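Next comes model_33.cif, a file with mmCIF, C-alpha atoms.
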data_work
loop_
_atom_site.label_atom_id
_atom_site.label_comp_id
_atom_site.auth_asym_id
_atom_site.auth_seq_id
_atom_site.Cartn_x
_atom_site.Cartn_y
_atom_site.Cartn_z
CA MET A 1 -8.21 -16.06 40.78
CA SER A 2 -11.41 -17.51 39.33
CA SER A 3 -12.00 -14.38 37.18
CA SER A 4 -8.63 -14.86 35.48
CA LEU A 5 -9.28 -18.52 34.70
CA PRO A 6 -11.21 -17.86 31.43
CA LEU A 7 -8.34 -15.70 30.17
CA LEU A 8 -5.83 -18.46 30.94
CA CYS A 9 -8.00 -21.00 29.08
CA LEU A 10 -8.49 -18.76 26.04
CA PRO A 11 -5.29 -19.81 24.17
CA ALA A 12 -6.16 -23.50 24.58
CA VAL A 13 -9.75 -22.95 23.39
CA LEU A 14 -8.52 -20.92 20.41
CA SER A 15 -6.01 -23.63 19.48
CA ARG A 16 -8.76 -26.26 19.53
CA LEU A 17 -10.99 -24.11 17.34
CA LEU A 18 -8.20 -23.53 14.81
CA ALA A 19 -7.38 -27.25 14.81
CA ARG A 20 -11.00 -27.98 13.90
CA VAL A 21 -10.78 -25.81 10.78
CA GLY A 22 -7.55 -27.44 9.59
CA LEU A 23 -4.72 -25.72 11.47
CA VAL A 24 -3.59 -28.68 13.54
CA THR A 25 0.01 -27.95 14.52
CA PRO A 26 1.45 -24.86 16.24
CA GLU A 27 3.52 -24.17 13.11
CA GLN A 28 0.42 -24.21 10.90
CA ARG A 29 -1.42 -21.85 13.23
CA ALA A 30 1.56 -19.48 13.43
CA TRP A 31 1.90 -19.52 9.64
CA ALA A 32 -1.82 -18.71 9.18
CA TRP A 33 -1.75 -15.90 11.76
CA TYR A 34 0.49 -13.92 9.41
CA ASP A 35 -2.33 -14.01 6.85
CA CYS A 36 -4.54 -12.49 9.54
CA GLY A 37 -2.01 -9.68 9.98
CA ASN A 38 -1.10 -8.72 6.41
CA SER A 39 -4.75 -8.97 5.29
CA ALA A 40 -5.41 -5.78 7.24
CA TYR A 41 -3.17 -3.92 4.79
CA PHE A 42 -5.15 -5.29 1.84
CA THR A 43 -8.55 -4.52 3.37
CA THR A 44 -7.99 -1.18 5.07
CA VAL A 45 -5.20 0.38 2.99
CA ILE A 46 -5.33 -1.13 -0.51
CA THR A 47 -9.08 -1.72 -0.80
CA ALA A 48 -11.26 0.22 1.61
CA ILE A 49 -9.68 3.47 2.80
CA PHE A 50 -6.58 4.60 0.92
CA PRO A 51 -8.04 4.78 -2.64
CA ALA A 52 -10.87 7.13 -1.63
CA PHE A 53 -8.52 9.00 0.73
CA PHE A 54 -6.09 9.44 -2.16
CA ALA A 55 -8.84 10.71 -4.49
CA SER A 56 -10.49 13.14 -2.05
CA TYR A 57 -7.58 14.30 0.15
CA ALA A 58 -4.12 13.50 -1.24
CA ALA A 59 -5.19 14.36 -4.82
CA ALA A 60 -7.30 17.37 -3.81
CA GLY A 61 -7.53 19.81 -6.70
CA LEU A 62 -7.51 17.13 -9.40
CA ASP A 63 -10.69 16.00 -11.15
CA ALA A 64 -11.99 12.50 -10.41
CA GLY A 65 -10.83 10.93 -13.68
CA GLU A 66 -7.30 12.30 -13.32
CA ALA A 67 -7.06 11.08 -9.72
CA THR A 68 -8.13 7.59 -10.85
CA THR A 69 -5.55 7.59 -13.63
CA ARG A 70 -2.73 8.62 -11.28
CA PHE A 71 -3.79 6.00 -8.75
CA GLY A 72 -3.69 3.43 -11.55
CA VAL A 73 -0.20 4.51 -12.55
CA ILE A 74 1.22 4.16 -9.05
CA THR A 75 -0.50 0.79 -8.54
CA THR A 76 0.88 -0.55 -11.82
CA LEU A 77 4.35 0.80 -11.00
CA GLY A 78 4.42 -0.87 -7.59
CA MET A 79 3.28 -4.21 -8.96
CA ALA A 80 5.76 -4.04 -11.85
CA ILE A 81 8.63 -3.54 -9.39
CA VAL A 82 7.43 -6.50 -7.33
CA ALA A 83 7.00 -8.71 -10.40
CA VAL A 84 10.55 -8.01 -11.57
CA ALA A 85 12.14 -8.42 -8.15
CA ALA A 86 10.05 -11.34 -6.86
CA PRO A 87 11.54 -14.11 -9.05
CA ILE A 88 15.06 -13.08 -8.06
CA LEU A 89 14.26 -12.73 -4.36
CA GLY A 90 12.24 -15.95 -4.30
CA ALA A 91 14.98 -18.01 -5.93
CA TYR A 92 17.58 -16.34 -3.72
CA GLY A 93 15.56 -17.20 -0.61
CA ASP A 94 15.37 -20.86 -1.67
CA GLN A 95 19.05 -20.97 -2.58
CA THR A 96 20.31 -19.51 0.71
CA ALA A 97 17.61 -20.75 3.14
CA ARG A 98 16.70 -17.18 4.06
CA ARG A 99 13.02 -17.15 3.14
CA LYS A 100 11.91 -16.35 6.67
CA ARG A 101 14.41 -13.53 7.07
CA LEU A 102 13.48 -12.05 3.70
CA LEU A 103 9.79 -12.29 4.62
CA VAL A 104 10.48 -10.32 7.80
CA ALA A 105 12.53 -7.73 5.90
CA CYS A 106 9.74 -7.17 3.35
CA ALA A 107 7.12 -7.02 6.11
CA ALA A 108 9.22 -4.46 8.02
CA VAL A 109 9.35 -2.23 4.91
CA GLY A 110 5.59 -2.50 4.50
CA ILE A 111 4.82 -1.87 8.17
CA LEU A 112 7.09 1.19 8.32
CA SER A 113 5.52 2.69 5.19
CA THR A 114 2.06 2.07 6.68
CA PHE A 115 2.93 4.02 9.81
CA THR A 116 4.33 6.81 7.64
CA LEU A 117 0.99 7.26 5.82
CA VAL A 118 -0.03 9.57 8.69
CA THR A 119 2.36 12.21 7.31
CA ILE A 120 0.33 12.69 4.09
CA THR A 121 -0.99 16.23 3.68
CA GLU A 122 -3.90 17.55 1.61
CA GLY A 123 -2.82 17.79 -2.00
CA GLY A 124 0.38 15.84 -1.35
CA TRP A 125 -0.39 13.09 -3.82
CA ARG A 126 3.25 12.52 -4.82
CA TRP A 127 4.31 11.64 -1.26
CA ALA A 128 1.15 9.54 -0.85
CA ALA A 129 1.95 7.70 -4.09
CA LEU A 130 5.53 6.97 -3.01
CA LEU A 131 4.45 5.55 0.36
CA PHE A 132 1.73 3.46 -1.30
CA VAL A 133 4.19 1.98 -3.81
CA ILE A 134 6.66 1.12 -1.01
CA GLY A 135 3.90 -0.48 1.06
CA ASN A 136 2.72 -2.56 -1.90
CA ILE A 137 6.27 -3.75 -2.51
CA GLY A 138 6.63 -4.71 1.15
CA VAL A 139 3.39 -6.66 1.50
CA SER A 140 3.61 -8.37 -1.91
CA GLY A 141 7.27 -9.25 -1.41
CA SER A 142 6.52 -10.83 1.98
CA LEU A 143 3.80 -12.99 0.41
CA VAL A 144 6.26 -14.47 -2.09
CA PHE A 145 8.10 -16.06 0.84
CA TYR A 146 4.95 -16.67 2.89
CA ASP A 147 3.28 -18.76 0.17
CA SER A 148 6.46 -20.71 -0.51
CA MET A 149 6.62 -21.68 3.20
CA LEU A 150 3.28 -23.53 3.04
CA PRO A 151 4.84 -26.91 2.14
CA SER A 152 7.23 -26.60 5.09
CA VAL A 153 4.36 -26.43 7.60
CA ALA A 154 1.88 -28.79 5.89
CA ALA A 155 2.24 -32.25 4.35
CA PRO A 156 1.04 -32.63 0.73
CA GLU A 157 -2.28 -34.09 1.85
CA GLU A 158 -2.79 -31.14 4.23
CA THR A 159 -2.05 -28.24 1.89
CA ASP A 160 -5.65 -27.83 0.63
CA ARG A 161 -7.01 -27.67 4.17
CA VAL A 162 -4.29 -25.40 5.56
CA SER A 163 -4.41 -23.10 2.53
CA SER A 164 -8.19 -22.60 2.78
CA ALA A 165 -8.01 -22.08 6.56
CA GLY A 166 -5.30 -19.46 6.08
CA TYR A 167 -7.45 -17.54 3.61
CA ALA A 168 -10.44 -17.72 5.98
CA LEU A 169 -8.36 -16.48 8.92
CA GLY A 170 -7.09 -13.64 6.77
CA TYR A 171 -10.64 -12.61 5.90
CA LEU A 172 -11.63 -12.73 9.56
CA GLY A 173 -8.64 -10.72 10.78
CA GLY A 174 -8.82 -8.09 8.08
CA GLY A 175 -12.58 -7.80 8.51
CA LEU A 176 -12.50 -7.34 12.30
CA LEU A 177 -9.98 -4.50 12.12
CA LEU A 178 -11.89 -2.91 9.25
CA VAL A 179 -15.08 -2.87 11.37
CA LEU A 180 -13.17 -0.94 14.05
CA ASN A 181 -11.78 1.42 11.40
CA LEU A 182 -15.32 1.90 10.08
CA ALA A 183 -16.49 2.98 13.54
CA TRP A 184 -13.66 5.53 13.75
CA VAL A 185 -14.41 6.99 10.31
CA LEU A 186 -18.19 7.12 10.78
CA GLN A 187 -18.18 8.53 14.32
CA PRO A 188 -14.76 10.09 15.01
CA GLN A 189 -16.14 12.25 17.84
CA TRP A 190 -17.06 9.13 19.84
CA PHE A 191 -13.36 8.29 20.06
CA GLY A 192 -12.12 11.81 20.74
CA LEU A 193 -10.86 12.31 17.17
CA SER A 194 -10.90 15.69 15.49
CA GLY A 195 -12.51 14.52 12.25
CA THR A 196 -12.59 12.02 9.40
CA VAL A 197 -9.02 12.64 8.26
CA ALA A 198 -7.69 12.00 11.78
CA ALA A 199 -9.78 8.80 11.93
CA ILE A 200 -8.38 7.62 8.61
CA LYS A 201 -4.80 8.27 9.69
CA LEU A 202 -5.44 6.42 12.97
CA SER A 203 -6.71 3.52 10.86
CA PHE A 204 -3.37 3.42 9.03
CA VAL A 205 -1.54 3.27 12.38
CA SER A 206 -3.81 0.43 13.54
CA VAL A 207 -2.95 -1.56 10.41
CA GLY A 208 0.78 -1.23 11.11
CA ILE A 209 0.31 -2.39 14.71
CA TRP A 210 -2.00 -5.27 13.68
CA TRP A 211 0.40 -6.44 10.97
CA LEU A 212 3.34 -6.35 13.38
CA LEU A 213 1.50 -8.27 16.13
CA PHE A 214 0.53 -11.15 13.85
CA LEU A 215 4.04 -11.36 12.43
CA ILE A 216 5.35 -12.37 15.88
CA PRO A 217 3.87 -15.94 15.95
CA LEU A 218 5.55 -16.72 12.63
CA LEU A 219 8.85 -15.41 13.99
CA ARG A 220 8.58 -17.57 17.09
CA ARG A 221 7.05 -20.82 15.81
CA VAL A 222 7.77 -21.34 12.10
CA PRO A 223 11.29 -22.64 11.43
CA GLU A 224 13.39 -21.44 8.51
CA PRO A 225 12.71 -23.87 5.63
CA PRO A 226 15.81 -25.89 4.68
CA ARG A 227 18.03 -24.91 1.78
CA LEU A 228 16.77 -26.44 -1.45
CA ALA A 229 20.16 -26.41 -3.12
CA ALA A 230 22.87 -28.86 -2.12
CA ASP A 231 25.70 -26.35 -2.45
CA ASP A 232 26.32 -23.57 0.04
CA VAL A 233 26.78 -20.40 -1.99
CA ARG A 234 26.62 -16.81 -0.86
CA GLY A 235 26.81 -13.26 -2.16
CA ALA A 236 27.02 -12.77 -5.91
CA ALA A 237 27.34 -16.52 -6.47
CA ALA A 238 24.00 -17.06 -4.70
CA ILE A 239 22.32 -14.43 -6.89
CA ALA A 240 23.71 -16.07 -10.05
CA ALA A 241 22.58 -19.48 -8.79
CA SER A 242 19.11 -17.99 -8.13
CA PHE A 243 18.80 -16.94 -11.77
CA ARG A 244 19.86 -20.41 -12.92
CA ARG A 245 17.39 -22.07 -10.57
CA LEU A 246 14.54 -19.85 -11.77
CA ALA A 247 15.32 -20.66 -15.42
CA HIS A 248 15.48 -24.37 -14.58
CA THR A 249 12.10 -24.30 -12.81
CA PHE A 250 10.48 -22.43 -15.70
CA ALA A 251 11.87 -24.91 -18.22
CA GLU A 252 10.83 -27.91 -16.13
CA ILE A 253 7.28 -26.80 -15.41
CA ARG A 254 6.56 -26.62 -19.13
CA GLN A 255 7.12 -30.39 -19.25
CA TYR A 256 4.00 -30.75 -17.09
CA ARG A 257 1.55 -29.50 -19.72
CA GLN A 258 -1.58 -29.48 -17.54
CA ALA A 259 0.13 -27.68 -14.66
CA PHE A 260 1.61 -25.10 -17.05
CA LEU A 261 -1.78 -24.55 -18.73
CA ALA A 262 -3.47 -24.16 -15.36
CA LEU A 263 -0.80 -21.66 -14.38
CA LEU A 264 -1.51 -19.59 -17.51
CA ALA A 265 -5.24 -19.68 -16.79
CA MET A 266 -4.65 -18.52 -13.22
CA LEU A 267 -2.34 -15.76 -14.43
CA VAL A 268 -5.17 -14.39 -16.59
CA TYR A 269 -8.20 -14.62 -14.30
CA GLN A 270 -6.23 -13.70 -11.15
CA ASP A 271 -5.29 -10.50 -12.99
CA GLY A 272 -8.98 -9.64 -13.17
CA ILE A 273 -9.57 -10.56 -9.52
CA GLN A 274 -6.62 -8.50 -8.24
CA THR A 275 -7.65 -5.50 -10.34
CA ILE A 276 -11.17 -5.55 -8.87
CA ILE A 277 -9.69 -5.73 -5.35
CA ARG A 278 -7.35 -2.81 -5.95
CA PHE A 279 -9.60 -0.49 -7.96
CA ALA A 280 -13.02 -0.99 -6.35
CA GLY A 281 -12.44 1.87 -3.92
CA ILE A 282 -11.16 4.44 -6.42
CA TYR A 283 -13.92 3.50 -8.91
CA GLY A 284 -16.56 3.80 -6.19
CA ALA A 285 -15.25 7.26 -5.30
CA GLU A 286 -15.38 8.28 -8.97
CA VAL A 287 -19.02 7.13 -9.27
CA GLY A 288 -19.93 9.00 -6.08
CA VAL A 289 -20.09 6.27 -3.43
CA GLY A 290 -19.13 7.82 -0.09
CA GLN A 291 -16.14 6.57 1.87
CA SER A 292 -18.26 5.43 4.83
CA ALA A 293 -20.44 3.31 2.54
CA GLN A 294 -17.35 1.88 0.88
CA ILE A 295 -15.75 0.86 4.17
CA ALA A 296 -19.00 -0.77 5.32
CA ALA A 297 -19.22 -2.72 2.05
CA PHE A 298 -15.60 -3.88 2.27
CA ALA A 299 -16.09 -4.94 5.90
CA MET A 300 -19.08 -6.99 4.73
CA VAL A 301 -16.92 -8.63 2.05
CA GLN A 302 -14.35 -9.68 4.64
CA LEU A 303 -16.83 -11.12 7.14
CA VAL A 304 -19.07 -12.81 4.57
CA GLY A 305 -15.95 -14.18 2.90
CA VAL A 306 -15.06 -16.31 5.96
CA PRO A 307 -17.90 -18.89 5.69
CA PHE A 308 -17.87 -18.77 1.91
CA ALA A 309 -14.14 -19.63 1.81
CA PHE A 310 -14.97 -22.86 3.68
CA LEU A 311 -18.13 -23.37 1.58
CA PHE A 312 -16.15 -23.24 -1.66
CA GLY A 313 -13.73 -25.78 -0.24
CA SER A 314 -16.70 -28.10 0.26
CA LEU A 315 -18.08 -27.20 -3.18
CA GLY A 316 -14.76 -28.20 -4.72
CA GLY A 317 -15.15 -31.62 -3.13
CA ARG A 318 -18.68 -32.02 -4.49
CA LEU A 319 -18.39 -30.56 -8.00
CA GLY A 320 -14.66 -30.89 -8.50
CA THR A 321 -12.13 -28.11 -8.04
CA GLN A 322 -12.14 -27.09 -11.69
CA ARG A 323 -15.94 -26.73 -11.89
CA ALA A 324 -16.09 -24.82 -8.61
CA ILE A 325 -13.60 -22.31 -10.02
CA PHE A 326 -15.84 -21.97 -13.12
CA VAL A 327 -18.73 -21.05 -10.81
CA ALA A 328 -16.57 -18.40 -9.13
CA LEU A 329 -15.47 -16.91 -12.48
CA GLY A 330 -19.10 -16.80 -13.63
CA ILE A 331 -20.09 -14.78 -10.56
CA TYR A 332 -17.11 -12.47 -11.06
CA THR A 333 -18.26 -11.87 -14.65
CA VAL A 334 -21.75 -10.95 -13.46
CA ALA A 335 -20.20 -8.57 -10.89
CA ALA A 336 -18.13 -6.87 -13.62
CA VAL A 337 -21.21 -6.40 -15.82
CA LEU A 338 -23.14 -4.87 -12.92
CA GLY A 339 -20.10 -2.72 -12.10
CA TYR A 340 -20.28 -1.14 -15.54
CA PHE A 341 -23.83 0.07 -14.82
CA MET A 342 -23.22 1.01 -11.16
CA GLN A 343 -24.76 4.35 -10.13
CA ASN A 344 -25.03 4.48 -6.34
CA ALA A 345 -24.09 2.94 -2.99
CA THR A 346 -26.87 0.32 -3.17
CA HIS A 347 -25.42 -1.02 -6.41
CA PHE A 348 -21.97 -1.00 -4.77
CA PHE A 349 -23.25 -3.16 -1.90
CA VAL A 350 -24.89 -5.65 -4.26
CA ILE A 351 -21.68 -6.06 -6.26
CA ALA A 352 -19.62 -6.33 -3.05
CA GLY A 353 -21.96 -9.09 -1.85
CA LEU A 354 -21.39 -11.07 -5.05
CA VAL A 355 -17.62 -10.68 -4.77
CA ALA A 356 -17.74 -11.74 -1.10
CA THR A 357 -19.16 -15.14 -2.04
CA VAL A 358 -16.31 -16.09 -4.36
CA GLN A 359 -13.18 -14.08 -3.64
CA GLY A 360 -11.55 -16.35 -1.05
CA GLY A 361 -12.86 -19.57 -2.62
CA ALA A 362 -11.50 -18.77 -6.08
CA GLN A 363 -8.01 -18.07 -4.75
CA ALA A 364 -7.89 -21.01 -2.32
CA LEU A 365 -9.16 -23.51 -4.91
CA SER A 366 -6.71 -22.20 -7.51
CA ARG A 367 -3.82 -22.83 -5.13
CA SER A 368 -5.22 -26.30 -4.34
CA LEU A 369 -5.67 -27.25 -8.01
CA PHE A 370 -2.11 -26.26 -8.84
CA ALA A 371 -0.83 -28.36 -5.93
CA ARG A 372 -2.43 -31.48 -7.44
CA LEU A 373 -0.80 -30.95 -10.85
CA ILE A 374 2.84 -30.70 -9.75
CA PRO A 375 5.34 -33.39 -8.63
CA PRO A 376 4.94 -34.12 -4.88
CA ALA A 377 8.71 -34.19 -4.43
CA LYS A 378 9.03 -30.60 -5.71
CA THR A 379 6.05 -28.97 -4.06
CA SER A 380 8.05 -26.23 -2.35
CA GLU A 381 9.93 -25.26 -5.50
CA TYR A 382 6.80 -25.11 -7.63
CA PHE A 383 4.77 -23.27 -5.02
CA GLY A 384 7.50 -20.66 -4.95
CA PHE A 385 7.10 -20.31 -8.70
CA TYR A 386 3.31 -20.11 -8.29
CA ALA A 387 3.78 -17.22 -5.85
CA VAL A 388 5.92 -15.42 -8.43
CA VAL A 389 3.21 -15.88 -11.08
CA GLU A 390 0.65 -14.40 -8.66
CA ARG A 391 2.78 -11.28 -8.43
CA PHE A 392 2.90 -10.99 -12.25
CA ALA A 393 -0.90 -11.29 -12.18
CA THR A 394 -1.08 -7.82 -10.69
CA ILE A 395 0.39 -5.90 -13.63
CA LEU A 396 -1.68 -6.33 -16.80
CA GLY A 397 -5.09 -5.76 -15.19
CA PRO A 398 -4.13 -2.47 -13.51
CA LEU A 399 -2.36 -1.40 -16.71
CA VAL A 400 -5.49 -2.09 -18.81
CA PHE A 401 -7.64 -0.32 -16.22
CA THR A 402 -5.36 2.72 -16.17
CA LEU A 403 -5.09 3.01 -19.96
CA SER A 404 -8.85 2.61 -20.42
CA SER A 405 -9.54 5.30 -17.82
CA ALA A 406 -7.00 7.66 -19.37
CA LEU A 407 -8.25 7.18 -22.95
CA THR A 408 -11.99 7.38 -22.21
CA GLY A 409 -11.95 9.73 -19.19
CA SER A 410 -14.05 7.22 -17.24
CA SER A 411 -13.43 3.92 -15.48
CA ARG A 412 -16.62 2.25 -16.73
CA SER A 413 -14.96 0.87 -19.86
CA ALA A 414 -12.09 -0.40 -17.70
CA VAL A 415 -14.53 -2.27 -15.44
CA ALA A 416 -16.15 -3.86 -18.48
CA GLY A 417 -12.70 -4.88 -19.70
CA MET A 418 -12.27 -7.13 -16.66
CA ILE A 419 -14.87 -9.46 -18.20
CA LEU A 420 -12.26 -10.43 -20.82
CA PHE A 421 -9.88 -11.62 -18.11
CA PHE A 422 -12.51 -13.91 -16.55
CA VAL A 423 -13.71 -15.30 -19.88
CA ALA A 424 -10.18 -15.88 -21.25
CA GLY A 425 -8.98 -17.37 -17.96
CA GLY A 426 -12.00 -19.67 -17.80
CA TRP A 427 -11.44 -20.83 -21.38
CA LEU A 428 -7.79 -21.66 -20.64
CA LEU A 429 -8.82 -23.52 -17.48
CA SER A 430 -11.35 -25.55 -19.50
CA ARG A 431 -8.43 -26.87 -21.59
CA VAL A 432 -6.80 -28.40 -18.50
CA ASP A 433 -7.19 -32.17 -18.17
CA VAL A 434 -7.00 -32.50 -14.39
CA ALA A 435 -6.91 -36.30 -14.35
CA ALA A 436 -4.06 -36.42 -16.86
CA GLY A 437 -2.21 -33.73 -14.92
CA GLU A 438 -2.52 -35.69 -11.68
CA ARG A 439 -1.22 -38.85 -13.37
CA ALA A 440 1.77 -36.95 -14.80
CA ALA A 441 2.53 -35.41 -11.40
CA ARG A 442 2.46 -38.81 -9.66
CA ALA A 443 4.60 -40.36 -12.36
#

Translate the structure of the given file into structure tokens.
Amino acid sequence: MSSSLPLLCLPAVLSRLLARVGLVTPEQRAWAWYDCGNSAYFTTVITAIFPAFFASYAAAGLDAGEATTRFGVITTLGMAIVAVAAPILGAYGDQTARRKRLLVACAAVGILSTFTLVTITEGGWRWAALLFVIGNIGVSGSLVFYDSMLPSVAAPEETDRVSSAGYALGYLGGGLLLVLNLAWVLQPQWFGLSGTVAAIKLSFVSVGIWWLLFLIPLLRRVPEPPRLAADDVRGAAAIAASFRRLAHTFAEIRQYRQAFLALLAMLVYQDGIQTIIRFAGIYGAEVGVGQSAQIAAFAMVQLVGVPFAFLFGSLGGRLGTQRAIFVALGIYTVAAVLGYFMQNATHFFVIAGLVATVQGGAQALSRSLFARLIPPAKTSEYFGFYAVVERFATILGPLVFTLSSALTGSSRSAVAGMILFFVAGGWLLSRVDVAAGERAARA
């Protein structure tokens, strides 16, 4: 009886710990746990394992540059599909009060495609590409509804804290599973696995299970957000109303000049950030960085990112949110410059360490800044629009990266091109008058 007591107390202790970092209510904790689950897809599949697996196994027989180009094409295609569908789905979810159900549907598509990655065969890059596109659509589509549910679990004065805590929990969850995946890939014989390929495929299965487990708290605890529209419309009428609502939101947000300018800035520099996240693995493989070294570096990014996500939240309070984002963009620019000259695994680790210090902070502070520049009475509607913009921020960067790689035969020029996204995004952000934007939002 006494030996089981610590296990019985564990949920209460965990709840107290999460409350201390900003997740006070059961709904907030359940909402943030989903970030812990889907982050495993971003860390293990999108960033750490699948790109190199695609280049060395699924695209066996192709040269490194051609494999990178094809990976860029499928990434751009998946994000383009999401960007086109997300505004319609997001507005439809608001109109019909089905955001939670649509989130679950998108997550189910992503989880199923993740499990199916085990069927990829050597040289079967077309099947690998199809599954990767479907998985990207699933995870990105679920995040449209996930982000828009933030105002339903947190009051306006809590959104900064809950948003940052969610990012930190995502880093922690994705990092812990990646460490386990790293052990499998480095020492498959310790776990009774036949080799590296079997270890990689087991890692894909673990991501699907992890993602599914951390979807359950959201299903149980987070209520369906209320319908934003007064009228009860369904079917084709709801789809038409969704288009009208999206057009109305886009027209209205332009009246808030500072919020609209900040949104444009975020669209540009988030494009650079998302491209680095998605192409670091395939670029590392092209340069010659081994998969084991890559996974170790990405695990480091996830675990180092946890304290730095909280640190940047504190830095935003000291310097101001806008200046803290400038610091993050400056570090990203340095990382892109170093990436152009990268030659070996040591360089890869140094660049990964730089990215680890700013990745979570830049995204959390961007979401917080936008929240302060929009009308408090329409937070949910505008956050839904912000989520849509984030999805569009995953098209241009991958497209530029892919075209640069195809035209030059190397990804180095594409990496250097990311500097333009950080500089242009920072310049646009410098044009934002935060104080004036906050006054306009309150008015």

* To do: Starting from the displayed file, determine the output of the PyMOL selection byres ((chain A and resi 162) around 9) and express the residue list as a PyMOL selection string.
  => chain A and resi 21-24+28-29+32+150+153-154+158-161+163-167

* Do a neighbour search on Gly173 (chain A) at 8 Å with only C-alpha atoms, toss out local chain neighbours closer than 5 positions, and write the hits as a list in words. => Cys36, Gly37, Ser39 and Ala40 of chain A

* To do: May I ask which of the residues A:Phe145, A:Trp125, A:Phe326, A:Phe42 is the closest one to Tyr171 (chain A), counting all atoms listed in the file?
  =>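 Counting all atoms listed in the file, the residue closest to Tyr171 (chain A) is A:Phe42.
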
* Can you work out which one of A:Leu429, A:Val287, A:Leu130, A:Ile282 has the shortest atom-to-atom distance to Phe71 (chain A), counting only C-alpha atoms? =>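 Of A:Leu429, A:Val287, A:Leu130, A:Ile282, the one nearest Phe71 (chain A), counting only C-alpha atoms, is A:Ile282.
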
* Mind checking which residues fall within 9 Å of Val207 (chain A), counting only C-alpha atoms, ignoring those fewer than 4 positions away in the same chain, and posting them as a ChimeraX atom specification? => /A:37-38,40-41,44-45,111,114-115,177,202-203,211-212

* Asked: If the PyMOL selection byres ((chain A and resi 397) around 6) is run on the structure shown, which residues does it catch, given as a PyMOL selection string?
  -> chain A and resi 271-272+275+395-396+398-400

* Asked: Taking all atoms listed in the file into account, which of A:Gln270, A:Ser194, A:Ser404, A:Gln359 comes nearest Val327 (chain A)?
  -> A:Gln359

* Asked: Using the chain letters and numbers from the file, which residues does the PyMOL selection byres ((chain A and resi 286) around 9) grab, as a PyMOL selection string?
  -> chain A and resi 52+55+64-65+67-68+281-285+287-289+410-411

* To do: Choose the residue, out of A:Val222, A:Val133, A:Ala436, A:Val197, that has the smallest atom-to-atom separation from Arg99 (chain A); count all atoms listed in the file.
  =>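 Ranking A:Val222, A:Val133, A:Ala436, A:Val197 by distance to Arg99 (chain A), first place goes to A:Val222.
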
* **Which residue of A:Ala105, A:Leu193, A:Val144, A:Leu112 approaches Leu131 (chain A) most closely, using all atoms listed in the file** =>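 Looking only at the distances to Leu131 (chain A), the closest residue turns out to be A:Leu112.
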
* Test item: residues at most 10 Å from Ala199 (chain A), only C-alpha atoms, excluding those fewer than 3 positions along its chain, as number ranges by chain -> A: 181-189, 191-196, 202-205

* Asked: Which of these residues is nearest to Leu169 (chain A), using all atoms listed in the file: A:Leu18, A:Ile88, A:Ala324, A:Leu403?
  -> A:Leu18

* Using only C-alpha atoms, can you list as a ChimeraX atom specification the residues within 12 Å of (-19.5, -0.8, 4.2)? -> /A:43-44,47-49,175,178-183,185-186,281,284,289-303,345-346,348-353

So that I can check the surroundings of region 246-260 of chain A, please list as a PDB file with C-alpha atoms, keeping the file's coordinate frame every protein, DNA and RNA residue that reaches within 7 Å of it, counting all atoms listed in the file and ignoring chain neighbours fewer than 4 positions away.
ATOM      1  CA  ALA A  91      14.980 -18.010  -5.930  1.00  0.00           C
ATOM      2  CA  SER A 242      19.110 -17.990  -8.130  1.00  0.00           C
ATOM      3  CA  LEU A 264      -1.510 -19.590 -17.510  1.00  0.00           C
ATOM      4  CA  PHE A 370      -2.110 -26.260  -8.840  1.00  0.00           C
ATOM      5  CA  LEU A 373      -0.800 -30.950 -10.850  1.00  0.00           C
ATOM      6  CA  ILE A 374       2.840 -30.700  -9.750  1.00  0.00           C
ATOM      7  CA  VAL A 432      -6.800 -28.400 -18.500  1.00  0.00           C
ATOM      8  CA  ASP A 433      -7.190 -32.170 -18.170  1.00  0.00           C
ATOM      9  CA  VAL A 434      -7.000 -32.500 -14.390  1.00  0.00           C
ATOM     10  CA  GLY A 437      -2.210 -33.730 -14.920  1.00  0.00           C
ATOM     11  CA  ALA A 440       1.770 -36.950 -14.800  1.00  0.00           C
TER      12      ALA A 440
END

* **For CA of Pro225 (chain A) and CA of Asp35 (chain A), the interatomic separation in Å (one decimal)** => 18.0 Å
